[in-house]
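Single-structure report; data block below.
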Amino acid sequence: MSITAADVNKLRQMTGAGMMDCKKALQETNGDFDGAVDFLRKKGTKIAASRADRDAKEGAIIAKVSPDHKLGVIVQLSCETDFVAKNSDFVAFTHKLAETALAGKAPNADALRAMSMDGLTVADKITEQVGKIGEKIDVVRYEILEGENIVPYIHAGNRLSVLVSLNHPASEANFIAGKDVAMQIAALNPIAVDKDQVDPTVIEREIAIGMDQARAEGKPEAMLEKIAQGKLGKFYKDSTLLNQEFVKDSSKSISQMLDGVEKGLTVKSFKRISL
């Protein structure tokens with residue numbers, strides 16, 4: 001069977017064994033991880049205690065952007081306990097992973113794991129950290145965003161990060177506005193930038209729900225679709241970023257706030273990762 005780099009990396013984190021040893025073990029056991037561990041033990045390979053069955057639901061999430069604000073990344077490094085997630089060394093290591101991803105323009109988490117960091121691959125450095133910390137850790141989510149002007153935001157405690165892509169070149173004024181937008185995204189978790197970006201299946205579901213609600217209220221059948229369309233407008237206002245009320249000034253939408261900062265300023269896209 002085909003053995004992937006992700007399979008090899010998983011076994012490395014389980015055992016602490018070398019890359020080639022892990023690949024050989026998986027090949028010999030047709031991808032069976034328990035069998036691969038036994039294979040390594042029979043070969044006398046020194047392995048760490050297996051932590052593959054542990055839940056790694058804690059961690060740190062770090063967002064970084066390039067000096068020219070044209071590129072941004074978010075890296076989520078998982079761990080098992082809140083104690084480790086708050087440890088300064090763990091957080092510093094996550095920052096370094098984000099810096100490595102940014103410098104190498106890693107397109108995805110697998111590419112990041114293969115990158116070089118301090119003379120080793122990132123995957124090796126993660127395995128090294130597993131040995132030091134004694135918990136299962138890994139890059140579990142990763143996002144990259146390119147654009148004219150990327151603004152980052154890391155929520156207190158490193159449990160949530162956001163990247164916002166603005167359409168105007170970076171300035172002091174739009175950086176502040178972009179940060180406000182990122183905080184709005186962190187708090188309200190919109191499903192899309194604008195209504196045109198909402199998945200059609202979501203729109204169909206909302207219309208169907210609206211019609212069912214109106215029907216249950218005894219409204220005439222001929223009026224159901226019109227009522228549902230009205231409810232859809234409320235859905236867009238609540239769930240799409242540019243149409244949401246600005247949390248710092250409810251008299252304005254996000255779209256209106258941005259246009260007031262710089263004429264024509266708007267959001268092109270965003271990324272959000274949360275524990």
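Residue numbering restarts at 1 for every chain of the structure tokens, chains are lettered A, B, ... in their displayed order, and ligands are numbered from 1 as they appear.
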
- Item | Distance query range 197-201 of chain A at most 10 Å, only C-alpha atoms, self and fewer than 3 positions along chain excluded, as an MDAnalysis selection string | chainID A and resid 191:194 204:207 236 239:240 269

Selected residues, N, CA and C atoms, written as a short mmCIF file (atom, residue, chain, number, x, y, z; two decimals), in the first residue's frame, please.
data_model
loop_
_atom_site.label_atom_id
_atom_site.label_comp_id
_atom_site.auth_asym_id
_atom_site.auth_seq_id
_atom_site.Cartn_x
_atom_site.Cartn_y
_atom_site.Cartn_z
N ILE A 191 -20.36 33.82 8.29
CA ILE A 191 -20.15 32.65 7.42
C ILE A 191 -19.55 33.04 6.07
N ALA A 192 -19.57 34.35 5.74
CA ALA A 192 -19.04 34.81 4.47
C ALA A 192 -18.80 36.32 4.54
N VAL A 193 -18.06 36.85 3.57
CA VAL A 193 -17.81 38.29 3.52
C VAL A 193 -19.10 39.03 3.19
N ASP A 194 -19.82 38.60 2.17
CA ASP A 194 -21.04 39.26 1.72
C ASP A 194 -22.04 38.20 1.27
N GLU A 204 -30.83 28.15 0.13
CA GLU A 204 -32.01 27.29 -0.08
C GLU A 204 -32.56 26.79 1.26
N ARG A 205 -31.67 26.39 2.16
CA ARG A 205 -32.10 25.90 3.46
C ARG A 205 -32.78 27.00 4.26
N GLU A 206 -32.22 28.22 4.23
CA GLU A 206 -32.81 29.33 4.98
C GLU A 206 -34.19 29.70 4.44
N ILE A 207 -34.34 29.67 3.11
CA ILE A 207 -35.65 29.97 2.51
C ILE A 207 -36.67 28.91 2.91
N TYR A 236 -28.81 37.54 6.25
CA TYR A 236 -27.62 38.18 5.68
C TYR A 236 -27.05 39.21 6.65
N SER A 239 -25.36 37.28 9.50
CA SER A 239 -24.37 36.23 9.23
C SER A 239 -23.31 36.56 8.20
N THR A 240 -23.43 37.67 7.47
CA THR A 240 -22.39 38.04 6.50
C THR A 240 -21.69 39.30 6.97
N SER A 269 -11.54 39.03 1.74
CA SER A 269 -11.69 37.68 2.30
C SER A 269 -11.15 37.68 3.72
#

Report the closest atom pair, with its distance in Å rounded to one decimal, for each residue of range 119-199 of chain A that has an atom no farther than 10 Å from range 79-99 of chain A; count only C-alpha atoms, sort by chain and then rising residue number, and write it as CSV.
residue,atom,partner,partner_atom,distance
A:Val122,CA,A:Leu97,CA,7.7
A:Lys125,CA,A:Phe93,CA,9.5
A:Ile126,CA,A:Phe93,CA,9.2
A:Gln129,CA,A:Phe90,CA,8.6
A:Val130,CA,A:Cys79,CA,9.3
A:Ile133,CA,A:Val84,CA,7.9
A:Gly134,CA,A:Glu80,CA,9.5
A:Glu135,CA,A:Glu80,CA,6.1
A:Lys136,CA,A:Cys79,CA,5.7
A:Ile137,CA,A:Cys79,CA,4.6
A:Asp138,CA,A:Cys79,CA,7.2
A:Val139,CA,A:Leu97,CA,9.0
A:Val140,CA,A:Cys79,CA,9.8
A:Tyr142,CA,A:Ala98,CA,9.3
A:Gly157,CA,A:Lys86,CA,7.5
A:Asn158,CA,A:Val91,CA,8.1
A:Arg159,CA,A:Ala85,CA,9.0

Near range 256-266 of chain A, 8 Å: range 147-187 of chain A residue rows, closest pairs, only C-alpha atoms, as a Markdown table:
| residue | atom | partner | partner_atom | distance |
| --- | --- | --- | --- | --- |
| A:Leu166 | CA | A:Thr266 | CA | 5.8 |
| A:Asn167 | CA | A:Thr266 | CA | 6.0 |
| A:His168 | CA | A:Leu265 | CA | 6.2 |
| A:Ala173 | CA | A:Val261 | CA | 6.9 |
| A:Asn174 | CA | A:Val261 | CA | 6.9 |
| A:Ala177 | CA | A:Leu258 | CA | 6.8 |

- Message: When DSSP is applied to the backbone of this structure, which of range 24-144 of chain A are assigned strand (DSSP E)? Write them out as an NGL selection string.
- Response: :A and (58-65 or 71-79 or 116-117 or 120-121 or 138-144)

Grab the residues selected above and save them as a compact mmCIF listing (two decimals), in the first residue's frame with N, CA and C atoms.
# COMPACT_ATOMS: atom_id res chain seq x y z
N GLU A 58 -6.37 21.17 23.36
CA GLU A 58 -5.88 22.49 23.75
C GLU A 58 -4.83 22.93 22.74
N GLY A 59 -4.24 24.10 22.96
CA GLY A 59 -3.19 24.54 22.05
C GLY A 59 -3.10 26.04 21.95
N ALA A 60 -2.27 26.49 20.99
CA ALA A 60 -2.08 27.92 20.72
C ALA A 60 -2.33 28.16 19.24
N ILE A 61 -2.93 29.31 18.94
CA ILE A 61 -3.23 29.68 17.55
C ILE A 61 -2.60 31.05 17.29
N ILE A 62 -1.66 31.10 16.36
CA ILE A 62 -0.89 32.32 16.11
C ILE A 62 -1.06 32.79 14.67
N ALA A 63 -1.34 34.08 14.50
CA ALA A 63 -1.43 34.70 13.18
C ALA A 63 -0.25 35.64 12.99
N LYS A 64 0.35 35.60 11.79
CA LYS A 64 1.46 36.51 11.47
C LYS A 64 1.32 36.96 10.03
N VAL A 65 1.82 38.18 9.75
CA VAL A 65 1.83 38.70 8.38
C VAL A 65 3.23 39.14 8.00
N LEU A 71 1.03 38.97 2.72
CA LEU A 71 0.87 37.54 3.02
C LEU A 71 0.66 37.35 4.51
N GLY A 72 -0.26 36.46 4.86
CA GLY A 72 -0.49 36.14 6.26
C GLY A 72 -0.73 34.65 6.46
N VAL A 73 -0.40 34.15 7.64
CA VAL A 73 -0.64 32.73 7.97
C VAL A 73 -1.23 32.64 9.37
N ILE A 74 -1.98 31.57 9.59
CA ILE A 74 -2.42 31.19 10.94
C ILE A 74 -2.00 29.74 11.16
N VAL A 75 -1.36 29.49 12.30
CA VAL A 75 -0.94 28.14 12.67
C VAL A 75 -1.59 27.77 14.00
N GLN A 76 -2.24 26.61 14.03
CA GLN A 76 -2.76 26.07 15.29
C GLN A 76 -1.92 24.86 15.68
N LEU A 77 -1.22 24.99 16.80
CA LEU A 77 -0.44 23.88 17.36
C LEU A 77 -1.21 23.32 18.54
N SER A 78 -1.58 22.05 18.45
CA SER A 78 -2.39 21.44 19.50
C SER A 78 -1.52 20.83 20.59
N CYS A 79 -2.13 20.68 21.76
CA CYS A 79 -1.53 19.94 22.87
C CYS A 79 -2.67 19.36 23.70
N SER A 116 12.40 23.31 6.75
CA SER A 116 13.57 23.27 7.64
C SER A 116 13.44 24.32 8.73
N MET A 117 13.81 23.90 9.96
CA MET A 117 13.80 24.82 11.10
C MET A 117 14.92 24.42 12.05
N LEU A 120 16.65 21.02 11.34
CA LEU A 120 15.80 19.83 11.26
C LEU A 120 14.54 20.20 10.48
N THR A 121 13.75 19.20 10.10
CA THR A 121 12.44 19.51 9.53
C THR A 121 11.52 19.95 10.66
N ASP A 138 0.78 18.70 17.62
CA ASP A 138 0.86 18.67 16.15
C ASP A 138 0.25 19.96 15.60
N VAL A 139 0.63 20.28 14.36
CA VAL A 139 -0.04 21.35 13.62
C VAL A 139 -1.34 20.77 13.09
N VAL A 140 -2.45 21.14 13.71
CA VAL A 140 -3.73 20.53 13.37
C VAL A 140 -4.55 21.36 12.37
N ARG A 141 -4.29 22.67 12.32
CA ARG A 141 -4.94 23.51 11.31
C ARG A 141 -3.99 24.61 10.86
N TYR A 142 -4.16 24.98 9.60
CA TYR A 142 -3.26 25.98 9.02
C TYR A 142 -4.00 26.73 7.93
N GLU A 143 -3.84 28.04 7.88
CA GLU A 143 -4.44 28.87 6.84
C GLU A 143 -3.41 29.84 6.31
N ILE A 144 -3.49 30.13 5.02
CA ILE A 144 -2.63 31.13 4.39
C ILE A 144 -3.51 32.06 3.57

- Item | Counting only C-alpha atoms, the residue of A:Met20, A:Ile254, A:Val202, A:Ala106 that sits nearest Leu241 in chain A | A:Ile254

- Distance criterion (only C-alpha atoms): nearest to Glu146 in chain A out of A:Val8, A:Ile176, A:Ala56, A:Leu102: A:Leu102

- Message: Write out as number ranges by chain the set of residues from range 166-275 of chain A that DSSP, computed on the backbone, places in alpha helix (DSSP H).
- Response: A: 172-188, 200-216, 224-239, 254-261

- Query: So which residues touch Phe33 in chain A within 10 Å, counting only C-alpha atoms, skipping near sequence neighbours fewer than 2 positions away, as number ranges by chain?
  - Reply: A: 7-8, 10-11, 14, 22, 25-26, 29-31, 35-39, 52

- Task: Using only C-alpha atoms, pick whichever of A:Glu128, A:Gly178, A:Ser2, A:Lys105 has the shortest atom-to-atom distance to Gly16 in chain A.
- Result: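 Smallest distance to Gly16 in chain A is found for A:Glu128.
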
- Query: Do you have the CA of Met183 in chain A-CA of Asn149 in chain A distance handy?
  - Reply: 16.5 Å

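Going from CA of Ser253 in chain A to CA of Tyr153 in chain A covers 20.2 Å.
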
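CA of Asp238 in chain A lies 8.7 Å from CA of Leu188 in chain A.
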